[in-house]
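Trainee: Contents of protein_26.txt (compact mmCIF, C-alpha atoms):
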# COMPACT_ATOMS: atom_id res chain seq x y z
CA MET A 1 -150.02 -113.49 -68.69
CA ILE A 2 -151.73 -114.77 -65.59
CA GLY A 3 -155.44 -114.22 -65.45
CA VAL A 4 -156.18 -114.32 -69.14
CA GLY A 5 -158.62 -117.09 -69.99
CA LYS A 6 -159.33 -118.04 -66.38
CA ALA A 7 -162.86 -118.71 -65.28
CA LYS A 8 -164.74 -115.63 -64.21
CA GLN A 9 -164.64 -115.05 -60.48
CA TYR A 10 -168.10 -114.85 -59.03
CA ALA A 11 -168.55 -112.60 -56.06
CA ASN A 12 -171.31 -114.70 -54.60
CA VAL A 13 -171.07 -118.48 -54.36
CA LEU A 14 -174.74 -118.69 -55.29
CA ASP A 15 -174.03 -117.17 -58.69
CA ARG A 16 -171.49 -119.78 -59.61
CA PRO A 17 -172.61 -122.48 -62.05
CA ILE A 18 -173.31 -125.78 -60.32
CA GLY A 19 -171.42 -127.94 -62.77
CA LYS A 20 -172.36 -131.24 -64.32
CA GLY A 21 -171.19 -133.36 -61.43
CA LYS A 22 -168.82 -135.36 -63.58
CA GLN A 23 -165.69 -134.48 -61.68
CA GLU A 24 -164.07 -137.35 -59.84
CA VAL A 25 -161.52 -137.90 -57.13
CA SER A 26 -159.71 -141.12 -56.38
CA LEU A 27 -161.45 -143.66 -54.17
CA SER A 28 -158.49 -143.70 -51.84
CA ALA A 29 -158.77 -139.95 -51.23
CA PHE A 30 -162.37 -140.49 -50.14
CA ALA A 31 -161.45 -143.57 -48.10
CA PHE A 32 -158.70 -141.66 -46.25
CA LEU A 33 -161.08 -138.79 -45.55
CA PHE A 34 -163.80 -141.11 -44.30
CA SER A 35 -161.35 -142.94 -42.05
CA GLU A 36 -160.31 -139.63 -40.51
CA LEU A 37 -163.97 -138.80 -39.92
CA VAL A 38 -164.50 -142.10 -38.09
CA GLN A 39 -161.26 -141.81 -36.14
CA TYR A 40 -162.04 -138.27 -35.04
CA ASN A 41 -165.48 -139.27 -33.84
CA GLN A 42 -164.14 -142.33 -32.05
CA ILE A 43 -162.09 -140.05 -29.82
CA GLN A 44 -165.05 -137.84 -29.04
CA VAL A 45 -167.45 -140.52 -27.80
CA ASP A 46 -167.60 -143.22 -25.11
CA ASN A 47 -169.89 -145.76 -26.67
CA ILE A 48 -170.87 -147.20 -30.00
CA ALA A 49 -174.40 -145.82 -30.12
CA GLU A 50 -173.05 -142.32 -29.80
CA LEU A 51 -170.48 -142.97 -32.55
CA GLU A 52 -173.18 -144.24 -34.87
CA ARG A 53 -175.29 -141.20 -34.10
CA ARG A 54 -172.47 -138.82 -34.93
CA LEU A 55 -171.74 -140.57 -38.22
CA GLU A 56 -175.42 -140.44 -39.01
CA ASP A 57 -175.54 -136.73 -38.27
CA ALA A 58 -172.63 -136.14 -40.61
CA GLY A 59 -174.45 -138.15 -43.27
CA TYR A 60 -177.68 -136.24 -42.66
CA ALA A 61 -176.02 -133.00 -43.68
CA VAL A 62 -174.70 -134.63 -46.84
CA GLY A 63 -178.13 -136.06 -47.64
CA ALA A 64 -179.89 -132.73 -47.31
CA ARG A 65 -177.53 -131.13 -49.79
CA VAL A 66 -177.53 -134.07 -52.16
CA LEU A 67 -181.32 -133.91 -52.38
CA GLU A 68 -181.27 -130.24 -53.34
CA LEU A 69 -178.48 -130.69 -55.84
CA LEU A 70 -179.98 -133.72 -57.54
CA CYS A 71 -183.53 -132.40 -57.60
CA HIS A 72 -182.28 -129.40 -59.47
CA ARG A 73 -179.86 -131.17 -61.75
CA GLU A 74 -181.42 -134.54 -62.49
CA LYS A 75 -185.10 -134.03 -62.09
CA GLY A 76 -185.66 -130.48 -63.24
CA ASN A 77 -186.87 -129.36 -59.84
CA ARG A 78 -189.81 -131.75 -59.70
CA ARG A 79 -190.69 -132.94 -56.24
CA GLU A 80 -191.47 -136.54 -55.29
CA ILE A 81 -194.69 -136.83 -53.36
CA ARG A 82 -195.23 -140.58 -53.39
CA LEU A 83 -193.42 -143.04 -51.18
CA LEU A 84 -192.34 -145.36 -53.97
CA GLY A 85 -191.23 -142.35 -55.95
CA ILE A 86 -188.83 -141.10 -53.33
CA LEU A 87 -187.59 -144.62 -52.60
CA SER A 88 -186.77 -145.31 -56.20
CA PHE A 89 -185.15 -141.88 -56.45
CA ILE A 90 -182.82 -142.84 -53.61
CA HIS A 91 -182.26 -146.37 -54.84
CA SER A 92 -181.38 -145.31 -58.38
CA THR A 93 -180.47 -141.65 -58.78
CA VAL A 94 -178.88 -140.88 -55.43
CA TRP A 95 -176.96 -144.14 -55.34
CA LYS A 96 -175.84 -143.76 -58.94
CA VAL A 97 -174.52 -140.25 -58.37
CA LEU A 98 -172.86 -140.90 -55.05
CA PHE A 99 -171.57 -144.45 -55.46
CA GLY A 100 -171.46 -144.92 -59.21
CA LYS A 101 -174.05 -147.68 -59.42
CA VAL A 102 -177.68 -148.24 -58.47
CA ALA A 103 -178.28 -149.98 -55.15
CA ASP A 104 -178.42 -153.75 -55.29
CA SER A 105 -181.98 -154.10 -54.15
CA LEU A 106 -184.98 -152.31 -52.74
CA GLU A 107 -187.42 -154.43 -50.74
CA LYS A 108 -190.52 -153.89 -48.73
CA GLY A 109 -190.48 -155.28 -45.21
CA THR A 110 -192.71 -158.28 -44.69
CA GLU A 111 -193.38 -157.87 -40.99
CA HIS A 112 -194.22 -154.19 -40.83
CA GLU A 113 -196.02 -151.95 -43.27
CA ASP A 114 -193.74 -149.02 -42.69
CA GLU A 115 -190.39 -150.73 -43.28
CA TYR A 116 -188.36 -150.77 -46.47
CA MET A 117 -184.85 -152.02 -47.07
CA ILE A 118 -182.13 -151.00 -49.48
CA SER A 119 -179.38 -153.59 -49.69
CA GLU A 120 -175.89 -153.40 -50.98
CA LYS A 121 -173.36 -156.19 -51.22
CA GLU A 122 -170.47 -153.92 -50.26
CA LEU A 123 -171.04 -150.33 -49.29
CA LEU A 124 -168.43 -147.99 -50.70
CA VAL A 125 -167.74 -146.53 -47.30
CA ASN A 126 -167.20 -149.97 -45.74
CA ARG A 127 -164.83 -151.21 -48.38
CA PHE A 128 -161.62 -150.53 -46.52
CA ILE A 129 -163.01 -150.81 -43.01
CA SER A 130 -162.86 -153.82 -40.74
CA ILE A 131 -164.78 -153.75 -37.48
CA PRO A 132 -162.91 -155.09 -34.45
CA LYS A 133 -164.78 -157.80 -32.52
CA ASP A 134 -165.24 -155.66 -29.42
CA MET A 135 -167.27 -153.12 -31.36
CA GLY A 136 -170.01 -155.62 -31.91
CA ALA A 137 -172.68 -154.55 -34.30
CA PHE A 138 -171.20 -151.20 -35.22
CA ASN A 139 -171.52 -150.36 -38.89
CA CYS A 140 -169.89 -147.42 -40.61
CA GLY A 141 -172.79 -147.62 -42.99
CA ALA A 142 -174.43 -145.38 -40.40
CA PHE A 143 -172.99 -142.59 -42.51
CA VAL A 144 -174.96 -143.80 -45.53
CA ALA A 145 -178.02 -144.31 -43.33
CA GLY A 146 -177.63 -140.66 -42.38
CA ILE A 147 -177.47 -139.64 -46.04
CA VAL A 148 -180.71 -141.52 -46.73
CA ARG A 149 -182.37 -140.00 -43.68
CA GLY A 150 -181.25 -136.55 -44.80
CA VAL A 151 -182.77 -137.05 -48.23
CA LEU A 152 -186.04 -138.44 -46.86
CA ASP A 153 -186.44 -135.87 -44.13
CA ASN A 154 -185.91 -132.94 -46.42
CA ALA A 155 -188.21 -134.40 -49.04
CA GLY A 156 -191.00 -134.53 -46.50
CA PHE A 157 -190.85 -138.23 -45.59
CA PRO A 158 -189.60 -138.38 -42.01
CA ALA A 159 -188.14 -141.76 -41.15
CA VAL A 160 -185.77 -143.61 -38.87
CA VAL A 161 -182.95 -145.07 -40.91
CA THR A 162 -180.37 -147.56 -39.69
CA ALA A 163 -177.66 -149.70 -41.22
CA HIS A 164 -177.28 -153.40 -40.47
CA PHE A 165 -175.01 -156.22 -41.46
CA VAL A 166 -176.84 -159.23 -42.83
CA PRO A 167 -174.73 -162.36 -43.18
CA VAL A 168 -175.16 -164.08 -46.51
CA ASP A 169 -174.56 -167.79 -47.13
CA GLY A 170 -171.58 -168.43 -49.26
CA GLN A 171 -170.18 -164.94 -48.89
CA HIS A 172 -167.33 -164.11 -46.59
CA ARG A 173 -168.36 -160.55 -45.90
CA PRO A 174 -171.94 -159.82 -44.86
CA ARG A 175 -174.00 -157.52 -47.01
CA THR A 176 -175.28 -154.24 -45.66
CA THR A 177 -178.94 -153.37 -45.40
CA ILE A 178 -180.22 -149.87 -44.87
CA LEU A 179 -183.48 -150.22 -42.97
CA ILE A 180 -185.95 -147.38 -43.41
CA LYS A 181 -188.85 -147.09 -41.01
CA PHE A 182 -191.25 -144.36 -42.02
CA ALA A 183 -193.10 -142.19 -39.55
CA GLU A 184 -196.82 -142.68 -39.04
CA GLU A 185 -197.78 -139.49 -40.85
CA VAL A 186 -196.05 -140.62 -44.04
CA LEU A 187 -198.13 -143.79 -44.23
CA GLN A 188 -201.32 -141.92 -43.45
CA ARG A 189 -200.59 -139.42 -46.20
CA GLU A 190 -199.77 -142.21 -48.60
CA ALA A 191 -203.06 -143.94 -47.81
CA ARG A 192 -204.93 -140.69 -48.32
CA LEU A 193 -203.33 -140.11 -51.69
CA GLY A 194 -204.42 -143.54 -52.75
CA MET B 1 -136.99 -157.00 -63.28
CA ALA B 2 -136.34 -153.44 -64.43
CA PRO B 3 -138.41 -150.88 -62.52
CA ALA B 4 -141.37 -149.49 -64.47
CA ALA B 5 -140.96 -146.05 -65.96
CA PRO B 6 -142.63 -143.33 -63.85
CA LYS B 7 -146.22 -142.88 -64.94
CA SER B 8 -147.83 -139.53 -65.45
CA GLY B 9 -150.56 -138.34 -63.14
CA ASP B 10 -153.29 -138.69 -65.76
CA VAL B 11 -152.45 -142.29 -66.47
CA ILE B 12 -152.54 -143.26 -62.81
CA PHE B 13 -155.74 -141.35 -62.17
CA ALA B 14 -157.39 -143.18 -65.03
CA SER B 15 -156.32 -146.52 -63.61
CA VAL B 16 -157.41 -146.10 -59.96
CA ASP B 17 -160.96 -146.52 -58.75
CA ARG B 18 -162.70 -143.18 -58.67
CA VAL B 19 -165.60 -141.79 -56.78
CA ASN B 20 -167.86 -138.81 -57.39
CA ALA B 21 -166.15 -135.59 -56.35
CA GLU B 22 -169.36 -134.24 -54.88
CA LEU B 23 -169.56 -137.05 -52.33
CA PHE B 24 -165.99 -136.16 -51.38
CA THR B 25 -166.78 -132.45 -51.19
CA LEU B 26 -169.91 -132.93 -49.10
CA THR B 27 -168.21 -135.39 -46.73
CA TYR B 28 -165.38 -132.92 -46.18
CA GLY B 29 -167.93 -130.21 -45.52
CA ALA B 30 -169.62 -132.43 -42.94
CA ILE B 31 -166.26 -132.98 -41.23
CA VAL B 32 -165.48 -129.26 -41.07
CA ARG B 33 -168.96 -128.55 -39.77
CA GLN B 34 -168.60 -131.18 -37.05
CA LEU B 35 -165.26 -129.73 -36.03
CA ILE B 36 -166.62 -126.21 -35.84
CA THR B 37 -169.54 -127.36 -33.70
CA ASP B 38 -167.30 -129.35 -31.36
CA LEU B 39 -164.32 -127.06 -31.06
CA GLU B 40 -165.89 -123.66 -31.62
CA GLU B 41 -162.53 -121.89 -31.82
CA VAL B 42 -161.43 -121.34 -35.41
CA GLU B 43 -157.76 -121.77 -34.54
CA GLU B 44 -158.51 -125.12 -32.91
CA VAL B 45 -160.35 -126.24 -36.00
CA ASN B 46 -157.41 -125.23 -38.18
CA LYS B 47 -155.07 -127.25 -35.98
CA GLN B 48 -157.35 -130.27 -35.95
CA LEU B 49 -157.71 -130.19 -39.73
CA ASP B 50 -153.95 -130.00 -40.06
CA GLN B 51 -153.56 -132.97 -37.72
CA MET B 52 -156.12 -135.00 -39.67
CA GLY B 53 -154.29 -134.12 -42.85
CA TYR B 54 -151.02 -135.19 -41.29
CA ASN B 55 -152.49 -138.59 -40.38
CA ILE B 56 -153.74 -139.00 -43.92
CA GLY B 57 -150.44 -137.85 -45.41
CA VAL B 58 -148.31 -140.43 -43.63
CA ARG B 59 -150.45 -143.23 -45.09
CA LEU B 60 -151.09 -141.58 -48.40
CA VAL B 61 -147.42 -141.38 -49.31
CA ASP B 62 -147.17 -145.20 -49.26
CA GLU B 63 -149.93 -145.51 -51.77
CA PHE B 64 -148.47 -142.70 -53.81
CA LEU B 65 -145.07 -144.33 -54.04
CA ALA B 66 -146.58 -147.72 -54.78
CA LYS B 67 -148.86 -146.58 -57.56
CA SER B 68 -146.73 -143.98 -59.24
CA SER B 69 -143.34 -145.73 -59.28
CA VAL B 70 -141.48 -142.43 -59.39
CA SER B 71 -137.77 -142.75 -58.90
CA ARG B 72 -136.04 -141.10 -55.99
CA CYS B 73 -136.18 -137.32 -56.31
CA VAL B 74 -132.79 -135.70 -56.61
CA ASP B 75 -133.67 -132.42 -54.99
CA PHE B 76 -136.52 -130.49 -53.50
CA ARG B 77 -137.42 -128.95 -56.84
CA GLU B 78 -138.14 -132.34 -58.29
CA THR B 79 -140.08 -133.32 -55.18
CA ALA B 80 -142.33 -130.30 -55.44
CA ASP B 81 -142.86 -130.94 -59.12
CA VAL B 82 -143.81 -134.55 -58.54
CA ILE B 83 -146.26 -133.61 -55.80
CA ALA B 84 -147.98 -131.06 -57.99
CA LYS B 85 -148.08 -132.99 -61.23
CA VAL B 86 -148.49 -136.57 -60.08
CA GLY B 87 -149.67 -136.49 -56.48
CA PHE B 88 -152.48 -134.01 -56.73
CA LYS B 89 -153.63 -135.43 -60.04
CA MET B 90 -153.66 -138.97 -58.77
CA PHE B 91 -155.73 -138.29 -55.68
CA LEU B 92 -157.78 -135.20 -56.36
CA GLY B 93 -157.90 -135.26 -60.12
CA VAL B 94 -156.59 -131.72 -60.41
CA THR B 95 -153.15 -130.50 -61.41
CA ALA B 96 -151.31 -127.97 -59.33
CA SER B 97 -148.46 -125.78 -60.50
CA ILE B 98 -145.29 -124.72 -58.78
CA THR B 99 -144.00 -121.15 -58.77
CA ASN B 100 -142.07 -118.69 -56.64
CA TRP B 101 -138.91 -120.57 -56.02
CA ASP B 102 -136.62 -118.78 -53.67
CA ALA B 103 -132.87 -118.38 -54.23
CA GLU B 104 -131.80 -121.49 -52.30
CA GLY B 105 -134.50 -123.71 -53.74
CA THR B 106 -136.03 -124.57 -50.38
CA THR B 107 -139.29 -122.68 -50.57
CA CYS B 108 -141.89 -122.80 -53.29
CA SER B 109 -145.56 -122.10 -53.85
CA LEU B 110 -148.05 -124.69 -54.93
CA ILE B 111 -150.88 -123.09 -56.88
CA LEU B 112 -154.28 -124.76 -57.11
CA GLU B 113 -156.85 -123.23 -59.40
CA ASP B 114 -159.37 -125.98 -59.16
CA ASN B 115 -160.07 -127.48 -55.75
CA PRO B 116 -162.70 -130.18 -55.28
CA LEU B 117 -162.82 -129.52 -51.54
CA VAL B 118 -164.38 -126.10 -51.89
CA ASP B 119 -167.21 -126.61 -54.36
CA PHE B 120 -170.38 -125.00 -53.05
CA VAL B 121 -168.57 -123.48 -50.06
CA GLU B 122 -168.60 -119.97 -48.75
CA LEU B 123 -167.20 -118.86 -45.42
CA PRO B 124 -169.61 -117.10 -43.08
CA ASP B 125 -168.51 -113.98 -41.20
CA THR B 126 -168.07 -115.92 -37.97
CA CYS B 127 -165.42 -118.16 -39.51
CA GLN B 128 -163.22 -115.71 -41.31
CA GLY B 129 -160.04 -117.03 -39.71
CA LEU B 130 -160.74 -120.57 -40.88
CA HIS B 131 -158.39 -122.20 -43.35
CA TYR B 132 -161.05 -124.42 -44.87
CA CYS B 133 -158.59 -126.55 -46.84
CA ASN B 134 -156.10 -126.93 -44.04
CA ILE B 135 -156.31 -130.67 -44.41
CA LEU B 136 -154.28 -130.30 -47.61
CA SER B 137 -151.42 -128.61 -45.84
CA GLY B 138 -151.39 -131.44 -43.30
CA VAL B 139 -151.37 -134.05 -46.05
CA VAL B 140 -148.37 -132.47 -47.79
CA ARG B 141 -146.51 -132.08 -44.52
CA GLY B 142 -147.23 -135.64 -43.40
CA ALA B 143 -146.31 -137.15 -46.72
CA LEU B 144 -143.02 -135.28 -46.95
CA GLU B 145 -142.09 -136.15 -43.39
CA MET B 146 -142.39 -139.84 -44.24
CA VAL B 147 -139.81 -139.36 -46.96
CA SER B 148 -137.40 -137.67 -44.59
CA MET B 149 -138.17 -134.04 -45.27
CA LYS B 150 -139.33 -131.77 -42.50
CA THR B 151 -141.39 -128.99 -43.99
CA GLU B 152 -143.54 -126.08 -43.01
CA VAL B 153 -146.67 -125.64 -45.07
CA THR B 154 -148.75 -122.50 -44.89
CA TRP B 155 -151.59 -120.93 -46.85
CA VAL B 156 -150.71 -117.75 -48.70
CA ARG B 157 -153.78 -117.23 -50.83
CA ASP B 158 -157.22 -118.66 -50.25
CA MET B 159 -160.05 -118.48 -52.78
CA LEU B 160 -162.64 -118.58 -50.04
CA ARG B 161 -161.24 -115.34 -48.70
CA GLY B 162 -161.48 -113.56 -52.01
CA ASP B 163 -158.18 -114.42 -53.70
CA ASP B 164 -158.10 -115.80 -57.22
CA VAL B 165 -156.30 -119.08 -56.53
CA PHE B 166 -155.25 -121.31 -53.67
CA GLU B 167 -151.60 -120.86 -52.89
CA LEU B 168 -149.78 -123.14 -50.51
CA GLN B 169 -146.25 -122.25 -49.49
CA VAL B 170 -144.05 -125.26 -48.86
CA LYS B 171 -140.80 -124.58 -47.06
CA LEU B 172 -138.20 -127.26 -46.59
CA LEU B 173 -136.82 -126.99 -43.08
CA LYS B 174 -134.38 -129.88 -43.14
CA GLN B 175 -133.67 -133.26 -44.59
CA VAL B 176 -133.75 -135.87 -41.87
CA PRO B 177 -131.51 -138.83 -42.67
CA GLU B 178 -133.17 -142.22 -42.38
CA GLU B 179 -132.63 -143.88 -39.05
CA TYR B 180 -132.48 -147.62 -38.86
CA PRO B 181 -134.41 -149.06 -35.95
CA TYR B 182 -131.69 -151.58 -35.11
CA LYS B 183 -127.99 -151.36 -34.49
CA ASP B 184 -125.63 -152.73 -37.10
CA ASP B 185 -123.58 -154.93 -34.83
CA GLU B 186 -126.42 -156.79 -33.10
Translate the structure of the given file into structure tokens.
Mentor:
Amino acid sequence: MIGVGKAKQYANVLDRPIGKGKQEVSLSAFAFLFSELVQYNQIQVDNIAELERRLEDAGYAVGARVLELLCHREKGNRREIRLLGILSFIHSTVWKVLFGKVADSLEKGTEHEDEYMISEKELLVNRFISIPKDMGAFNCGAFVAGIVRGVLDNAGFPAVVTAHFVPVDGQHRPRTTILIKFAEEVLQREARLG
Amino acid sequence: MAPAAPKSGDVIFASVDRVNAELFTLTYGAIVRQLITDLEEVEEVNKQLDQMGYNIGVRLVDEFLAKSSVSRCVDFRETADVIAKVGFKMFLGVTASITNWDAEGTTCSLILEDNPLVDFVELPDTCQGLHYCNILSGVVRGALEMVSMKTEVTWVRDMLRGDDVFELQVKLLKQVPEEYPYKDDE
């Protein structure tokens, strides 16, 4: 008989259980979807800066939701109020949930006080993407930069986040660095909190 | 070398690289949101999603055939079965079921109870005409067209509109014989 033993239908999506987050889809399904996202945006824009901005905006929306979901599920609704706290949350928890591993490294910028960098040898989103020469410094990691910006912004740490390729000696493909530049108010608050 | 025996969907899914379903869900949500903002008309969004799905489907079928080593399907029934049991499992990690065969065996319904695309989603009142998962219908259509079957794929039941499952109706329009791009005598 159809219907017997099926999960209860909730009238309101907010009543539905969130789930453990252990469900998986194949990497190629995600790669195909991401390629369609990039292709669609390529048609809509005239220049690379605009394309990066659109990818970032898409990532921002993902980041905002990821923050809410993970705060509830992984951290028992505790909020990060310190800079290092939120950075290590992104570097470990967010990366682990989204990409299956913690980020390769988290560094503090040497030249400026407000800059931090998360590096990854090969970003999941860039794995099947090759950038044609005429697109210059374009990086599809802008999507991931958007996710990070979404998380930071909604956690109360406004920042400008960008993705860059950094060539590495001895490696054919450059590694990707997500550069986070925090707003002035974040540093002031951090100084005040000691 | 003898061809490998066709593998079941679970086996293939366990052997491919996998990624968190929530990243997939949220990325798809971002795409739909971008489309709605850009196109504004719900019908346009449906069409664009279908087109995107079609583009994915034509490339996806190559990977499907390569990884699953299924033998040539004898008829449409087998095709539909393979899509539901192997295809959906291999890419989305969920199994679909096939029902509602018509008398000639050219139309069937693909039932999805579990759909990773729609976690956390609810349709607002302004978007009631939206087929949120229309990308799936494009994927099926694109994939089948690459194996010489012209089909029409429509949504019959949609969980986001209050039904209890997702039901996709796949109708075989015609089998297109393979055309060789060169003449025999040249």
Trainee: Contacts from chain B to chain A, 10 Å maximum, only C-alpha atoms: show me the residue list as a PyMOL selection string.
Mentor: chain B and resi 12-35+38+48-49+51-53+55-57+59-60+63+88-94+113+116+119-123+135+159-160+162-164
Trainee: Within 7 Å of A:Lys181, counting all atoms listed in the file, which residues show up once you throw out same-chain ones fewer than 5 positions away? Write them as a compact mmCIF listing (two decimals) with C-alpha atoms, in the coordinates of the input, please.
Mentor:
# COMPACT_ATOMS: atom_id res chain seq x y z
CA ASP A 114 -193.74 -149.02 -42.69
CA GLU A 115 -190.39 -150.73 -43.28
CA TYR A 116 -188.36 -150.77 -46.47
CA ALA A 159 -188.14 -141.76 -41.15
CA VAL A 160 -185.77 -143.61 -38.87
CA VAL A 161 -182.95 -145.07 -40.91
Trainee: Looking at all atoms listed in the file, which of A:Ile43, A:Ile48, A:Ala103, A:Leu187 is the one that sits closest to A:Asp134?
Mentor: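 For A:Asp134, the nearest of the given residues is A:Ile48.
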Trainee: Record the distance separating atom CA of A:Glu107 and atom CA of A:Asn139, expressed in Å with one decimal.
Mentor: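 Going from atom CA of A:Glu107 over to atom CA of A:Asn139, I get 20.2 Å.
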Trainee: Nearest to A:Glu50 among A:Ala163, A:Glu185, A:Phe138, A:Val151, with distances taken over all atoms listed in the file: which residue is it?
Mentor: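 Among the listed residues, the smallest separation from A:Glu50 belongs to A:Phe138.
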Trainee: For A:Lys108, work out the shell of residues within 12 Å, counting all atoms listed in the file and skipping chain neighbours fewer than 4 positions away, then give it as a PyMOL selection string.
Mentor: chain A and resi 83-84+87-88+112-119+178-182
Trainee: Take the residues from that selection and put them in a file with C-alpha atoms, as a PDB file, in the frame of the given file.
Mentor:
ATOM      1  CA  LEU A  83    -193.420-143.040 -51.180  1.00  0.00           C
ATOM      2  CA  LEU A  84    -192.340-145.360 -53.970  1.00  0.00           C
ATOM      3  CA  LEU A  87    -187.590-144.620 -52.600  1.00  0.00           C
ATOM      4  CA  SER A  88    -186.770-145.310 -56.200  1.00  0.00           C
ATOM      5  CA  HIS A 112    -194.220-154.190 -40.830  1.00  0.00           C
ATOM      6  CA  GLU A 113    -196.020-151.950 -43.270  1.00  0.00           C
ATOM      7  CA  ASP A 114    -193.740-149.020 -42.690  1.00  0.00           C
ATOM      8  CA  GLU A 115    -190.390-150.730 -43.280  1.00  0.00           C
ATOM      9  CA  TYR A 116    -188.360-150.770 -46.470  1.00  0.00           C
ATOM     10  CA  MET A 117    -184.850-152.020 -47.070  1.00  0.00           C
ATOM     11  CA  ILE A 118    -182.130-151.000 -49.480  1.00  0.00           C
ATOM     12  CA  SER A 119    -179.380-153.590 -49.690  1.00  0.00           C
ATOM     13  CA  ILE A 178    -180.220-149.870 -44.870  1.00  0.00           C
ATOM     14  CA  LEU A 179    -183.480-150.220 -42.970  1.00  0.00           C
ATOM     15  CA  ILE A 180    -185.950-147.380 -43.410  1.00  0.00           C
ATOM     16  CA  LYS A 181    -188.850-147.090 -41.010  1.00  0.00           C
ATOM     17  CA  PHE A 182    -191.250-144.360 -42.020  1.00  0.00           C
TER      18      PHE A 182
END
Trainee: Taking into account only C-alpha atoms, which residue in the set A:Leu152, A:Glu190, A:Gly146, A:Lys121 is nearest to A:Pro167?
Mentor: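 So, comparing all the options, the nearest one is A:Lys121.
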Trainee: Of the residues B:Glu167, B:Ser97, B:Val11, B:Glu152, which is the one nearest to B:Lys85, using all atoms listed in the file?
Mentor: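 Of B:Glu167, B:Ser97, B:Val11, B:Glu152, the one nearest B:Lys85 is B:Ser97, counting all atoms listed in the file.
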Trainee: Can you work out the spacing between atom CA of B:Thr106 and atom CA of B:Leu172 in Å, to one decimal?
Mentor: 5.1 Å
Trainee: Between B:Ser137, B:Gln169, B:His131, B:Arg161, which is the closest to B:Asp102 once you count all atoms listed in the file?
Mentor: B:Gln169
Trainee: Using Å and a single decimal, report how far atom CA of B:Leu130 sits from atom CA of A:Val144.
Mentor: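 These atoms are spaced 27.6 Å apart.
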